[in-house]
file structure24.csv (CSV, C-alpha atoms)
chain,number,residue,atom,x,y,z
A,1,MET,CA,-10.1,-8.8,19.0
A,2,THR,CA,-11.7,-11.0,21.6
A,3,ALA,CA,-9.5,-13.6,23.1
A,4,GLY,CA,-9.0,-15.2,26.5
A,5,HIS,CA,-5.7,-14.9,28.4
A,6,ASP,CA,-4.7,-18.5,28.0
A,7,THR,CA,-3.2,-19.5,24.7
A,8,THR,CA,-1.9,-22.8,23.3
A,9,PRO,CA,1.1,-23.0,21.0
A,10,ILE,CA,0.5,-25.0,17.8
A,11,ASN,CA,3.2,-27.4,16.7
A,12,GLU,CA,3.4,-30.1,14.1
A,13,GLY,CA,2.2,-32.7,16.6
A,14,ASN,CA,-0.9,-31.1,18.0
A,15,GLY,CA,-4.0,-29.1,17.2
A,16,HIS,CA,-5.0,-30.8,13.9
A,17,ASP,CA,-8.5,-32.2,14.8
A,18,GLY,CA,-10.3,-28.9,14.1
A,19,ALA,CA,-14.1,-28.4,14.1
A,20,ASP,CA,-16.9,-27.1,11.9
A,21,ASP,CA,-19.1,-24.2,13.0
A,22,CYS,CA,-16.3,-22.7,15.0
A,23,VAL,CA,-14.2,-19.5,15.3
A,24,LEU,CA,-10.6,-20.0,16.4
A,25,PRO,CA,-8.8,-16.8,17.6
A,26,PHE,CA,-5.0,-16.8,17.3
A,27,SER,CA,-1.9,-14.6,17.7
A,28,VAL,CA,1.6,-14.4,16.2
A,29,GLU,CA,3.5,-12.3,18.7
A,30,ALA,CA,6.7,-12.2,16.5
A,31,LEU,CA,4.7,-10.4,13.8
A,32,ASP,CA,2.4,-8.4,16.1
A,33,VAL,CA,-0.6,-9.8,14.4
A,34,ARG,CA,-3.8,-11.3,15.7
A,35,GLY,CA,-6.7,-12.9,13.9
A,36,ARG,CA,-9.5,-15.4,13.6
A,37,VAL,CA,-10.2,-18.4,11.4
A,38,VAL,CA,-13.8,-19.4,10.9
A,39,ARG,CA,-15.2,-22.8,9.6
A,40,LEU,CA,-18.9,-23.0,8.8
A,41,GLY,CA,-20.4,-26.4,8.0
A,42,PRO,CA,-23.9,-27.5,9.1
A,43,SER,CA,-24.8,-23.9,10.0
A,44,VAL,CA,-24.2,-22.4,6.6
A,45,ASP,CA,-25.5,-25.5,4.8
A,46,THR,CA,-28.8,-25.2,6.7
A,47,ILE,CA,-29.1,-21.5,5.8
A,48,LEU,CA,-28.3,-22.0,2.1
A,49,ARG,CA,-30.4,-25.1,1.5
A,50,ARG,CA,-33.5,-23.9,3.4
A,51,HIS,CA,-34.2,-21.4,0.7
A,52,GLY,CA,-32.8,-23.4,-2.3
A,53,TYR,CA,-30.7,-20.5,-3.4
A,54,PRO,CA,-29.2,-20.7,-6.9
A,55,ASP,CA,-25.5,-21.6,-6.8
A,56,ALA,CA,-24.2,-18.1,-7.5
A,57,VAL,CA,-26.5,-16.6,-4.7
A,58,ALA,CA,-25.6,-19.3,-2.3
A,59,ARG,CA,-21.8,-18.7,-2.8
A,60,LEU,CA,-22.2,-15.0,-2.3
A,61,LEU,CA,-24.4,-15.4,0.8
A,62,GLY,CA,-21.9,-18.0,2.2
A,63,GLU,CA,-19.1,-15.5,1.9
A,64,ALA,CA,-21.1,-12.9,3.6
A,65,ALA,CA,-21.9,-15.3,6.4
A,66,ALA,CA,-18.2,-16.1,6.9
A,67,LEU,CA,-17.3,-12.5,6.9
A,68,THR,CA,-20.0,-11.6,9.4
A,69,VAL,CA,-18.8,-14.3,11.8
A,70,LEU,CA,-15.2,-13.2,11.5
A,71,LEU,CA,-16.2,-9.6,12.5
A,72,GLY,CA,-19.1,-10.3,14.8
A,73,SER,CA,-17.2,-12.8,16.9
A,74,SER,CA,-14.9,-10.0,18.1
A,75,LEU,CA,-17.7,-8.5,20.2
A,76,LYS,CA,-16.9,-8.4,23.9
A,77,PHE,CA,-20.5,-7.9,25.0
A,78,GLU,CA,-23.9,-9.4,24.3
A,79,GLY,CA,-25.0,-7.6,21.2
A,80,ARG,CA,-25.6,-8.0,17.5
A,81,PHE,CA,-23.4,-7.4,14.5
A,82,GLN,CA,-25.2,-7.1,11.2
A,83,LEU,CA,-23.9,-7.0,7.7
A,84,GLN,CA,-26.3,-5.7,5.0
A,85,THR,CA,-25.9,-4.9,1.4
A,86,LYS,CA,-28.4,-2.9,-0.7
A,87,THR,CA,-27.6,-2.7,-4.4
A,88,ASP,CA,-29.0,-2.5,-7.9
A,89,GLY,CA,-27.6,-5.9,-9.0
A,90,PRO,CA,-29.3,-9.3,-9.4
A,91,VAL,CA,-28.7,-9.9,-5.7
A,92,GLY,CA,-30.4,-6.7,-4.4
A,93,MET,CA,-30.0,-7.4,-0.7
A,94,ILE,CA,-28.1,-9.5,1.7
A,95,VAL,CA,-28.6,-9.5,5.4
A,96,VAL,CA,-26.5,-11.5,7.9
A,97,ASP,CA,-27.0,-11.3,11.7
A,98,PHE,CA,-24.5,-12.5,14.2
A,99,GLU,CA,-25.9,-12.3,17.8
A,100,ALA,CA,-23.1,-12.7,20.3
A,101,PRO,CA,-21.8,-15.0,21.4
A,102,ASP,CA,-22.7,-17.6,18.8
A,103,ARG,CA,-26.0,-17.2,16.9
A,104,LEU,CA,-26.0,-16.8,13.1
A,105,ARG,CA,-28.8,-16.2,10.6
A,106,ALA,CA,-28.7,-14.9,7.0
A,107,THR,CA,-31.0,-14.2,4.0
A,108,ALA,CA,-30.8,-12.8,0.5
A,109,ARG,CA,-33.2,-11.2,-2.0
A,110,PHE,CA,-32.5,-11.7,-5.7
A,111,GLU,CA,-34.0,-11.6,-9.1
A,112,ALA,CA,-34.3,-15.2,-10.3
A,113,GLU,CA,-34.5,-14.2,-14.0
A,114,ALA,CA,-31.5,-11.9,-13.8
A,115,ILE,CA,-29.5,-14.7,-12.1
A,116,ALA,CA,-30.5,-17.3,-14.7
A,117,ALA,CA,-29.5,-14.9,-17.5
A,118,LEU,CA,-26.0,-14.8,-16.2
A,119,GLY,CA,-25.6,-18.5,-17.1
A,120,THR,CA,-23.3,-21.0,-15.3
A,121,GLY,CA,-20.6,-19.6,-13.1
A,122,PRO,CA,-18.2,-18.8,-11.7
A,123,HIS,CA,-19.5,-15.2,-11.4
A,124,LYS,CA,-17.6,-12.2,-10.1
A,125,ALA,CA,-19.2,-10.3,-7.2
A,126,ALA,CA,-19.6,-7.3,-9.5
A,127,GLU,CA,-22.0,-9.2,-11.7
A,128,LEU,CA,-24.1,-10.2,-8.7
A,129,ILE,CA,-24.0,-7.2,-6.4
A,130,GLY,CA,-23.8,-4.3,-8.8
A,131,GLN,CA,-23.6,-0.8,-7.4
A,132,GLY,CA,-24.8,0.2,-3.9
A,133,HIS,CA,-23.5,0.1,-0.4
A,134,LEU,CA,-22.5,-2.3,2.4
A,135,ALA,CA,-23.4,-1.4,6.0
A,136,MET,CA,-21.9,-3.0,9.1
A,137,THR,CA,-23.8,-2.3,12.2
A,138,ILE,CA,-22.9,-3.0,15.9
A,139,ASP,CA,-26.0,-2.9,18.1
A,140,GLN,CA,-25.6,-3.2,21.9
A,141,GLY,CA,-29.4,-2.8,22.5
A,142,SER,CA,-29.9,0.9,22.6
A,143,ALA,CA,-29.7,3.8,20.1
A,144,ALA,CA,-26.9,5.4,22.1
A,145,SER,CA,-24.7,2.3,21.7
A,146,ARG,CA,-25.3,1.7,18.0
A,147,TYR,CA,-22.5,2.1,15.6
A,148,GLN,CA,-22.6,1.8,11.8
A,149,GLY,CA,-19.9,1.9,9.1
A,150,VAL,CA,-20.9,2.1,5.4
A,151,VAL,CA,-18.8,1.2,2.4
A,152,ALA,CA,-19.7,2.0,-1.2
A,153,LEU,CA,-20.0,-1.1,-3.4
A,154,GLU,CA,-18.6,-0.3,-6.8
A,155,GLY,CA,-17.8,-3.7,-8.3
A,156,GLN,CA,-15.4,-4.9,-5.6
A,157,SER,CA,-15.6,-8.3,-3.9
A,158,LEU,CA,-16.8,-8.7,-0.3
A,159,GLU,CA,-13.1,-9.2,0.7
A,160,GLU,CA,-12.1,-5.9,-0.9
A,161,ALA,CA,-15.1,-4.2,0.7
A,162,ALA,CA,-14.0,-5.5,4.1
A,163,HIS,CA,-10.5,-4.1,3.5
A,164,GLN,CA,-12.0,-0.7,2.6
A,165,TYR,CA,-14.1,-0.8,5.7
A,166,PHE,CA,-11.1,-1.3,8.0
A,167,ARG,CA,-9.1,1.4,6.2
A,168,GLN,CA,-11.8,4.1,6.5
A,169,SER,CA,-13.5,3.1,9.8
A,170,GLU,CA,-11.1,1.2,12.0
A,171,GLN,CA,-7.8,2.3,10.4
A,172,ILE,CA,-6.3,-1.0,11.4
A,173,PRO,CA,-4.2,-2.9,8.7
A,174,THR,CA,-6.3,-5.9,8.0
A,175,GLN,CA,-6.3,-8.8,5.5
A,176,VAL,CA,-9.3,-11.0,4.9
A,177,ARG,CA,-9.8,-14.2,2.9
A,178,LEU,CA,-13.1,-15.8,2.2
A,179,ALA,CA,-14.1,-19.0,0.5
A,180,VAL,CA,-17.3,-21.1,-0.2
A,181,ALA,CA,-17.6,-24.6,-1.7
A,182,GLU,CA,-20.1,-27.3,-2.2
A,183,ALA,CA,-18.5,-30.5,-1.0
A,184,PHE,CA,-19.6,-34.1,-1.1
A,185,GLU,CA,-19.5,-35.8,2.2
A,186,ASP,CA,-21.0,-39.3,2.9
A,187,GLY,CA,-22.6,-39.3,-0.5
A,188,GLN,CA,-24.4,-36.0,0.0
A,189,SER,CA,-23.7,-32.5,-1.2
A,190,ARG,CA,-23.2,-29.9,1.6
A,191,TRP,CA,-22.2,-26.3,1.6
A,192,ARG,CA,-19.1,-25.1,3.5
A,193,ALA,CA,-17.7,-21.7,4.1
A,194,GLY,CA,-14.5,-20.4,5.6
A,195,GLY,CA,-12.6,-17.3,6.3
A,196,LEU,CA,-9.4,-15.9,7.7
A,197,LEU,CA,-8.9,-12.4,9.2
A,198,VAL,CA,-5.5,-11.1,10.2
A,199,GLN,CA,-4.8,-7.7,11.8
A,200,PHE,CA,-1.6,-5.8,12.6
A,201,LEU,CA,-1.8,-4.7,16.2
A,202,PRO,CA,1.7,-3.8,17.4
A,203,GLN,CA,2.4,-3.1,21.1
A,204,SER,CA,4.7,-0.2,20.1
A,205,ILE,CA,2.9,3.1,19.4
A,206,ASP,CA,5.7,4.1,17.1
A,207,ARG,CA,5.3,1.0,15.0
A,208,ALA,CA,1.5,1.5,15.0
A,209,ARG,CA,2.0,4.9,13.5
A,210,LEU,CA,4.7,3.9,11.0
A,211,ALA,CA,2.3,4.0,8.1
A,212,ASP,CA,1.9,7.8,8.8
A,213,LEU,CA,5.5,8.5,8.1
A,214,PRO,CA,6.9,9.3,4.6
A,215,PRO,CA,9.7,7.1,3.2
A,216,GLY,CA,12.1,10.1,3.2
A,217,ASP,CA,15.4,9.5,1.5
A,218,ILE,CA,15.4,5.7,1.7
A,219,PRO,CA,16.3,4.4,-1.8
A,220,GLU,CA,13.4,3.1,-3.9
A,221,GLY,CA,13.0,-0.7,-3.5
A,222,ARG,CA,14.1,-0.6,0.2
A,223,VAL,CA,10.8,0.3,1.7
A,224,HIS,CA,7.3,-1.2,1.4
A,225,LEU,CA,4.5,1.2,0.5
A,226,ASP,CA,0.8,0.7,1.0
A,227,GLU,CA,-1.7,1.8,-1.6
A,228,ASN,CA,-1.6,5.4,-0.2
A,229,GLY,CA,2.1,5.6,-0.8
A,230,THR,CA,3.1,5.4,2.9
A,231,GLN,CA,5.5,3.1,4.5
A,232,GLU,CA,4.4,-0.3,5.9
A,233,ASP,CA,5.9,-2.2,8.8
A,234,ASP,CA,8.0,-5.2,7.7
A,235,ALA,CA,6.2,-7.5,10.1
A,236,TRP,CA,2.9,-6.6,8.5
A,237,VAL,CA,4.3,-7.0,5.0
A,238,GLU,CA,5.4,-10.5,5.9
A,239,ALA,CA,2.1,-11.4,7.5
A,240,ARG,CA,0.1,-10.1,4.6
A,241,ALA,CA,2.3,-12.0,2.2
A,242,LEU,CA,1.7,-15.3,4.1
A,243,VAL,CA,-2.0,-14.7,4.1
A,244,GLY,CA,-1.8,-14.2,0.3
A,245,THR,CA,-0.6,-17.8,-0.1
A,246,VAL,CA,-3.9,-19.2,1.3
A,247,GLU,CA,-5.9,-21.1,-1.3
A,248,ASP,CA,-9.7,-21.3,-1.3
A,249,HIS,CA,-9.7,-25.0,-0.7
A,250,GLU,CA,-7.7,-24.7,2.5
A,251,LEU,CA,-10.5,-22.6,4.1
A,252,VAL,CA,-13.2,-25.1,3.4
A,253,ASP,CA,-11.6,-28.5,3.2
A,254,PRO,CA,-12.7,-30.7,6.2
A,255,ALA,CA,-9.3,-32.4,6.1
A,256,VAL,CA,-7.5,-29.0,6.7
A,257,SER,CA,-8.4,-27.9,10.1
A,258,SER,CA,-8.0,-24.3,11.3
A,259,GLU,CA,-5.1,-25.3,13.5
A,260,ARG,CA,-3.4,-27.0,10.6
A,261,LEU,CA,-3.8,-24.0,8.3
A,262,LEU,CA,-2.4,-21.7,11.0
A,263,TYR,CA,0.6,-24.0,11.5
A,264,ARG,CA,1.3,-24.0,7.8
A,265,LEU,CA,1.2,-20.2,7.6
A,266,PHE,CA,3.0,-19.2,10.8
A,267,HIS,CA,4.9,-22.1,12.3
A,268,GLU,CA,8.3,-20.4,11.6
A,269,ARG,CA,7.2,-17.4,13.7
A,270,GLY,CA,5.3,-19.3,16.4
A,271,VAL,CA,1.5,-19.2,16.5
A,272,ARG,CA,-0.7,-19.6,19.5
A,273,VAL,CA,-4.4,-20.2,19.6
A,274,PHE,CA,-7.1,-19.0,22.1
A,275,GLU,CA,-10.2,-20.9,23.1
A,276,ALA,CA,-12.4,-21.8,20.2
A,277,GLN,CA,-15.9,-20.4,20.0
A,278,ALA,CA,-18.8,-22.3,18.6
A,279,VAL,CA,-21.3,-20.9,16.0
A,280,HIS,CA,-24.9,-22.0,15.7
A,281,GLU,CA,-27.5,-21.3,13.0
A,282,GLN,CA,-30.4,-19.9,15.0
A,283,CYS,CA,-33.0,-17.3,14.1
A,284,ARG,CA,-34.1,-14.4,16.4
A,285,CYS,CA,-37.7,-14.5,15.3
A,286,SER,CA,-40.5,-15.2,17.8
A,287,ARG,CA,-44.2,-14.5,18.1
A,288,GLU,CA,-43.4,-11.5,20.4
A,289,ARG,CA,-41.1,-10.0,17.8
A,290,VAL,CA,-43.7,-10.5,15.1
A,291,MET,CA,-46.3,-8.8,17.2
A,292,CYS,CA,-43.9,-5.9,17.8
A,293,MET,CA,-43.4,-5.6,14.1
A,294,ILE,CA,-47.1,-5.6,13.4
A,295,ARG,CA,-47.6,-2.9,16.0
A,296,SER,CA,-45.7,-0.5,13.8
A,297,PHE,CA,-48.4,-0.6,11.2
A,298,SER,CA,-51.6,1.5,11.1
A,299,PRO,CA,-55.0,-0.1,11.7
A,300,GLU,CA,-55.7,0.2,7.9
A,301,GLU,CA,-52.4,-1.5,7.1
A,302,ARG,CA,-53.1,-4.3,9.5
A,303,ARG,CA,-56.5,-4.9,7.9
A,304,GLU,CA,-54.8,-5.1,4.5
A,305,MET,CA,-52.6,-7.9,5.9
A,306,VAL,CA,-55.6,-10.2,6.4
A,307,ALA,CA,-55.6,-12.9,3.6
A,308,ASP,CA,-58.6,-14.3,1.8
A,309,ASP,CA,-58.8,-17.1,4.4
A,310,GLY,CA,-59.3,-14.5,7.1
A,311,ARG,CA,-55.8,-15.1,8.7
A,312,VAL,CA,-52.7,-13.0,9.1
A,313,VAL,CA,-49.7,-15.0,8.0
A,314,ILE,CA,-46.2,-13.8,8.5
A,315,THR,CA,-43.2,-15.7,7.2
A,316,CYS,CA,-39.7,-15.1,8.5
A,317,GLU,CA,-37.4,-14.3,5.7
A,318,PHE,CA,-34.5,-15.8,7.6
A,319,CYS,CA,-35.8,-19.2,8.8
A,320,SER,CA,-39.0,-19.5,6.8
A,321,ARG,CA,-41.1,-20.1,9.9
A,322,ARG,CA,-44.7,-19.2,9.4
A,323,TYR,CA,-46.7,-17.3,12.0
A,324,ASP,CA,-50.5,-18.0,11.4
A,325,LEU,CA,-52.4,-15.4,13.4
A,326,ASP,CA,-56.0,-14.6,14.2
A,327,PRO,CA,-56.7,-11.0,13.2
A,328,ALA,CA,-58.9,-10.5,16.3
A,329,GLU,CA,-56.1,-11.7,18.6
A,330,VAL,CA,-53.7,-9.4,16.7
A,331,GLU,CA,-55.9,-6.4,17.3
A,332,ALA,CA,-56.3,-7.3,20.9
A,333,GLU,CA,-52.6,-7.4,21.4
A,334,VAL,CA,-51.4,-4.5,19.2
A,335,GLY,CA,-54.5,-2.4,18.5
A,336,GLY,CA,-55.9,-2.1,22.0
A,337,THR,CA,-59.1,-3.9,21.1
A,338,PRO,CA,-60.3,-6.1,24.0
A,339,LYS,CA,-60.7,-9.8,23.3
A,340,GLN,CA,-64.3,-11.0,22.9

call {"tool": "encode", "arguments": {"input": "structure24.csv", "output": "structure tokens"}}
result
Amino acid sequence: MTAGHDTTPINEGNGHDGADDCVLPFSVEALDVRGRVVRLGPSVDTILRRHGYPDAVARLLGEAAALTVLLGSSLKFEGRFQLQTKTDGPVGMIVVDFEAPDRLRATARFEAEAIAALGTGPHKAAELIGQGHLAMTIDQGSAASRYQGVVALEGQSLEEAAHQYFRQSEQIPTQVRLAVAEAFEDGQSRWRAGGLLVQFLPQSIDRARLADLPPGDIPEGRVHLDENGTQEDDAWVEARALVGTVEDHELVDPAVSSERLLYRLFHERGVRVFEAQAVHEQCRCSRERVMCMIRSFSPEERREMVADDGRVVITCEFCSRRYDLDPAEVEAEVGGTPKQ
């Protein structure tokens, strides 16, 4: 959890302006929980409209973008957090990059005919994703500092996959909520996405390990058990129950700011927010990165990349930017052939 030392308490009279394309970290000390709320407006709308994704694909990619920002914004260093799915469903691949501290890009590959065959929504994630895996990668710039967690996708939603990831990789009690909507603002339709992440991070080591203890002789009904049959801390049970009351529209409605949502959930326990962090839609592609990619191909493969018009054209899957290259210049830079 990344957060500054200075916090601001939320009360009924403050903190209701909110902002789009923003991550707001918070803490509820009485419940030993911390978390983040993300609101994506113009950034996710740009990503989804650039490619003209079908509605079902746009909603799934919007959820993936919100989840990636929730997780990637916790990085305490300049690095990259990537979420990627690879499955046998109509949406065969999703890739979302969050480059700390604030840059977001995302793309999806899908089978248009398979999506059309599903008809009008809403569609469950299982229909779109199918079977496969979800990988979450933290990359600090070197192979030695690269970490990856993998979750099997077997029909669960992205929310459920995130919960599974934290159970098996981080072992931190975590609750995630995601939502995407197409809203009409100023007479125009715009995509919005939102997310809430709450984690139980008690100061007491004994409380942190409570879930490892069996319920013993406590009468049934007097102790909360998690899905593994072990005891849960009462504070976490309360926090999780509060998060369970969040409705989708509250995560995406421009009139319900992150501060207002947190006040509604936790005002009786006292909630404090840290400094908000902006999020921007920005691709990482560049001519230098394209040339580096081309360098990985053999001379024969590079010759096959030359189109009928005698040019090498590379289109970025994320931002759709086209790189129109002269094959002679490409060879001079990556193949070692001197320019004429």

call {"tool": "residues_around", "arguments": {"input": "structure24.csv", "residues": "stretch 76-86 of chain A", "least_positions_apart": "4", "cutoff": "9 Å", "atoms": "all atoms listed in the file", "output": "number ranges by chain"}}
result
A: 1-2, 64-65, 67-69, 71-72, 91-101, 129, 131-141, 153

call {"tool": "write_last_selection", "arguments": {"input": "structure24.csv", "atoms": "C-alpha atoms", "output": "PDB file, in the frame of the given file"}}
result
ATOM      1  CA  MET A   1     -10.100  -8.800  19.000  1.00  0.00           C
ATOM      2  CA  THR A   2     -11.700 -11.000  21.600  1.00  0.00           C
ATOM      3  CA  ALA A  64     -21.100 -12.900   3.600  1.00  0.00           C
ATOM      4  CA  ALA A  65     -21.900 -15.300   6.400  1.00  0.00           C
ATOM      5  CA  LEU A  67     -17.300 -12.500   6.900  1.00  0.00           C
ATOM      6  CA  THR A  68     -20.000 -11.600   9.400  1.00  0.00           C
ATOM      7  CA  VAL A  69     -18.800 -14.300  11.800  1.00  0.00           C
ATOM      8  CA  LEU A  71     -16.200  -9.600  12.500  1.00  0.00           C
ATOM      9  CA  GLY A  72     -19.100 -10.300  14.800  1.00  0.00           C
ATOM     10  CA  VAL A  91     -28.700  -9.900  -5.700  1.00  0.00           C
ATOM     11  CA  GLY A  92     -30.400  -6.700  -4.400  1.00  0.00           C
ATOM     12  CA  MET A  93     -30.000  -7.400  -0.700  1.00  0.00           C
ATOM     13  CA  ILE A  94     -28.100  -9.500   1.700  1.00  0.00           C
ATOM     14  CA  VAL A  95     -28.600  -9.500   5.400  1.00  0.00           C
ATOM     15  CA  VAL A  96     -26.500 -11.500   7.900  1.00  0.00           C
ATOM     16  CA  ASP A  97     -27.000 -11.300  11.700  1.00  0.00           C
ATOM     17  CA  PHE A  98     -24.500 -12.500  14.200  1.00  0.00           C
ATOM     18  CA  GLU A  99     -25.900 -12.300  17.800  1.00  0.00           C
ATOM     19  CA  ALA A 100     -23.100 -12.700  20.300  1.00  0.00           C
ATOM     20  CA  PRO A 101     -21.800 -15.000  21.400  1.00  0.00           C
ATOM     21  CA  ILE A 129     -24.000  -7.200  -6.400  1.00  0.00           C
ATOM     22  CA  GLN A 131     -23.600  -0.800  -7.400  1.00  0.00           C
ATOM     23  CA  GLY A 132     -24.800   0.200  -3.900  1.00  0.00           C
ATOM     24  CA  HIS A 133     -23.500   0.100  -0.400  1.00  0.00           C
ATOM     25  CA  LEU A 134     -22.500  -2.300   2.400  1.00  0.00           C
ATOM     26  CA  ALA A 135     -23.400  -1.400   6.000  1.00  0.00           C
ATOM     27  CA  MET A 136     -21.900  -3.000   9.100  1.00  0.00           C
ATOM     28  CA  THR A 137     -23.800  -2.300  12.200  1.00  0.00           C
ATOM     29  CA  ILE A 138     -22.900  -3.000  15.900  1.00  0.00           C
ATOM     30  CA  ASP A 139     -26.000  -2.900  18.100  1.00  0.00           C
ATOM     31  CA  GLN A 140     -25.600  -3.200  21.900  1.00  0.00           C
ATOM     32  CA  GLY A 141     -29.400  -2.800  22.500  1.00  0.00           C
ATOM     33  CA  LEU A 153     -20.000  -1.100  -3.400  1.00  0.00           C
TER      34      LEU A 153
END

call {"tool": "atom_distance", "arguments": {"input": "structure24.csv", "atom1": "atom CA of A:Glu304", "atom2": "atom CA of A:Cys319"}}
result
24.0 Å

call {"tool": "residues_around", "arguments": {"input": "structure24.csv", "residues": "A:Leu196", "least_positions_apart": "6", "cutoff": "9 Å", "atoms": "all atoms listed in the file", "output": "ChimeraX atom specification"}}
result
/A:35-38,66-67,70,175-178,243,251

call {"tool": "write_last_selection", "arguments": {"input": "structure24.csv", "atoms": "C-alpha atoms", "output": "short mmCIF file (atom, residue, chain, number, x, y, z; two decimals), keeping the file's coordinate frame"}}
result
data_model
loop_
_atom_site.label_atom_id
_atom_site.label_comp_id
_atom_site.auth_asym_id
_atom_site.auth_seq_id
_atom_site.Cartn_x
_atom_site.Cartn_y
_atom_site.Cartn_z
CA GLY A 35 -6.70 -12.90 13.90
CA ARG A 36 -9.50 -15.40 13.60
CA VAL A 37 -10.20 -18.40 11.40
CA VAL A 38 -13.80 -19.40 10.90
CA ALA A 66 -18.20 -16.10 6.90
CA LEU A 67 -17.30 -12.50 6.90
CA LEU A 70 -15.20 -13.20 11.50
CA GLN A 175 -6.30 -8.80 5.50
CA VAL A 176 -9.30 -11.00 4.90
CA ARG A 177 -9.80 -14.20 2.90
CA LEU A 178 -13.10 -15.80 2.20
CA VAL A 243 -2.00 -14.70 4.10
CA LEU A 251 -10.50 -22.60 4.10
#

call {"tool": "atom_distance", "arguments": {"input": "structure24.csv", "atom1": "atom CA of A:Ser145", "atom2": "atom CA of A:Leu75"}}
result
13.0 Å

call {"tool": "closest_residue", "arguments": {"input": "structure24.csv", "among": "A:Ala126, A:Leu201, A:Leu261, A:Val23", "to": "A:Ala161", "atoms": "only C-alpha atoms"}}
result
A:Ala126

call {"tool": "residues_around", "arguments": {"input": "structure24.csv", "residues": "A:Thr245", "least_positions_apart": "2", "cutoff": "12 Å", "atoms": "all atoms listed in the file", "output": "PyMOL selection string"}}
result
chain A and resi 177+196+238-243+247-251+261-262+264-266

call {"tool": "axis_aligned_box", "arguments": {"input": "structure24.csv", "around": "stretch 126-141 of chain A", "padding_each_side": "5 Å", "output": "JSON"}}
result
{"center_x": -24.5, "center_y": -5.0, "center_z": 5.4, "size_x": 19.8, "size_y": 20.4, "size_z": 44.2}

call {"tool": "atom_distance", "arguments": {"input": "structure24.csv", "atom1": "atom CA of A:Ala181", "atom2": "atom CA of A:Ala117"}}
result
22.0 Å

call {"tool": "residues_around", "arguments": {"input": "structure24.csv", "residues": "stretch 47-61 of chain A", "least_positions_apart": "3", "cutoff": "8 Å", "atoms": "only C-alpha atoms", "output": "PyMOL selection string"}}
result
chain A and resi 43-44+64-65+91+94+105-108+110+115+121-123+125+128+180-181+191+281+319-320

call {"tool": "residues_around", "arguments": {"input": "structure24.csv", "residues": "A:Ala276", "least_positions_apart": "6", "cutoff": "7 Å", "atoms": "all atoms listed in the file", "output": "list in words"}}
result
Cys22, Val23, Leu24 and Pro25 of chain A

call {"tool": "closest_residue", "arguments": {"input": "structure24.csv", "among": "A:Ser74, A:Thr46, A:Ser286, A:Thr8", "to": "A:Gly62", "atoms": "all atoms listed in the file"}}
result
A:Thr46

call {"tool": "closest_residue", "arguments": {"input": "structure24.csv", "among": "A:Tyr147, A:Trp236, A:Tyr323, A:Tyr165", "to": "A:Arg289", "atoms": "all atoms listed in the file"}}
result
A:Tyr323

call {"tool": "closest_residue", "arguments": {"input": "structure24.csv", "among": "A:Gln171, A:Val334, A:Leu104, A:Phe26", "to": "A:Ser296", "atoms": "only C-alpha atoms"}}
result
A:Val334

call {"tool": "residues_near_point", "arguments": {"input": "structure24.csv", "point": "(-48.7, -8.5, 23.0)", "cutoff": "12 Å", "atoms": "all atoms listed in the file", "output": "PDB file with C-alpha atoms, keeping the file's coordinate frame"}}
result
ATOM      1  CA  SER A 286     -40.500 -15.200  17.800  1.00  0.00           C
ATOM      2  CA  ARG A 287     -44.200 -14.500  18.100  1.00  0.00           C
ATOM      3  CA  GLU A 288     -43.400 -11.500  20.400  1.00  0.00           C
ATOM      4  CA  ARG A 289     -41.100 -10.000  17.800  1.00  0.00           C
ATOM      5  CA  VAL A 290     -43.700 -10.500  15.100  1.00  0.00           C
ATOM      6  CA  MET A 291     -46.300  -8.800  17.200  1.00  0.00           C
ATOM      7  CA  CYS A 292     -43.900  -5.900  17.800  1.00  0.00           C
ATOM      8  CA  MET A 293     -43.400  -5.600  14.100  1.00  0.00           C
ATOM      9  CA  ILE A 294     -47.100  -5.600  13.400  1.00  0.00           C
ATOM     10  CA  ARG A 295     -47.600  -2.900  16.000  1.00  0.00           C
ATOM     11  CA  GLU A 329     -56.100 -11.700  18.600  1.00  0.00           C
ATOM     12  CA  VAL A 330     -53.700  -9.400  16.700  1.00  0.00           C
ATOM     13  CA  GLU A 331     -55.900  -6.400  17.300  1.00  0.00           C
ATOM     14  CA  ALA A 332     -56.300  -7.300  20.900  1.00  0.00           C
ATOM     15  CA  GLU A 333     -52.600  -7.400  21.400  1.00  0.00           C
ATOM     16  CA  VAL A 334     -51.400  -4.500  19.200  1.00  0.00           C
ATOM     17  CA  GLY A 335     -54.500  -2.400  18.500  1.00  0.00           C
ATOM     18  CA  GLY A 336     -55.900  -2.100  22.000  1.00  0.00           C
ATOM     19  CA  THR A 337     -59.100  -3.900  21.100  1.00  0.00           C
ATOM     20  CA  PRO A 338     -60.300  -6.100  24.000  1.00  0.00           C
TER      21      PRO A 338
END

call {"tool": "closest_residue", "arguments": {"input": "structure24.csv", "among": "A:Asp308, A:Glu182, A:Glu127, A:Glu301", "to": "A:Gly194", "atoms": "only C-alpha atoms"}}
result
A:Glu182

call {"tool": "closest_residue", "arguments": {"input": "structure24.csv", "among": "A:Val33, A:Arg284, A:Val256, A:Asp234", "to": "A:Thr174", "atoms": "only C-alpha atoms"}}
result
A:Val33
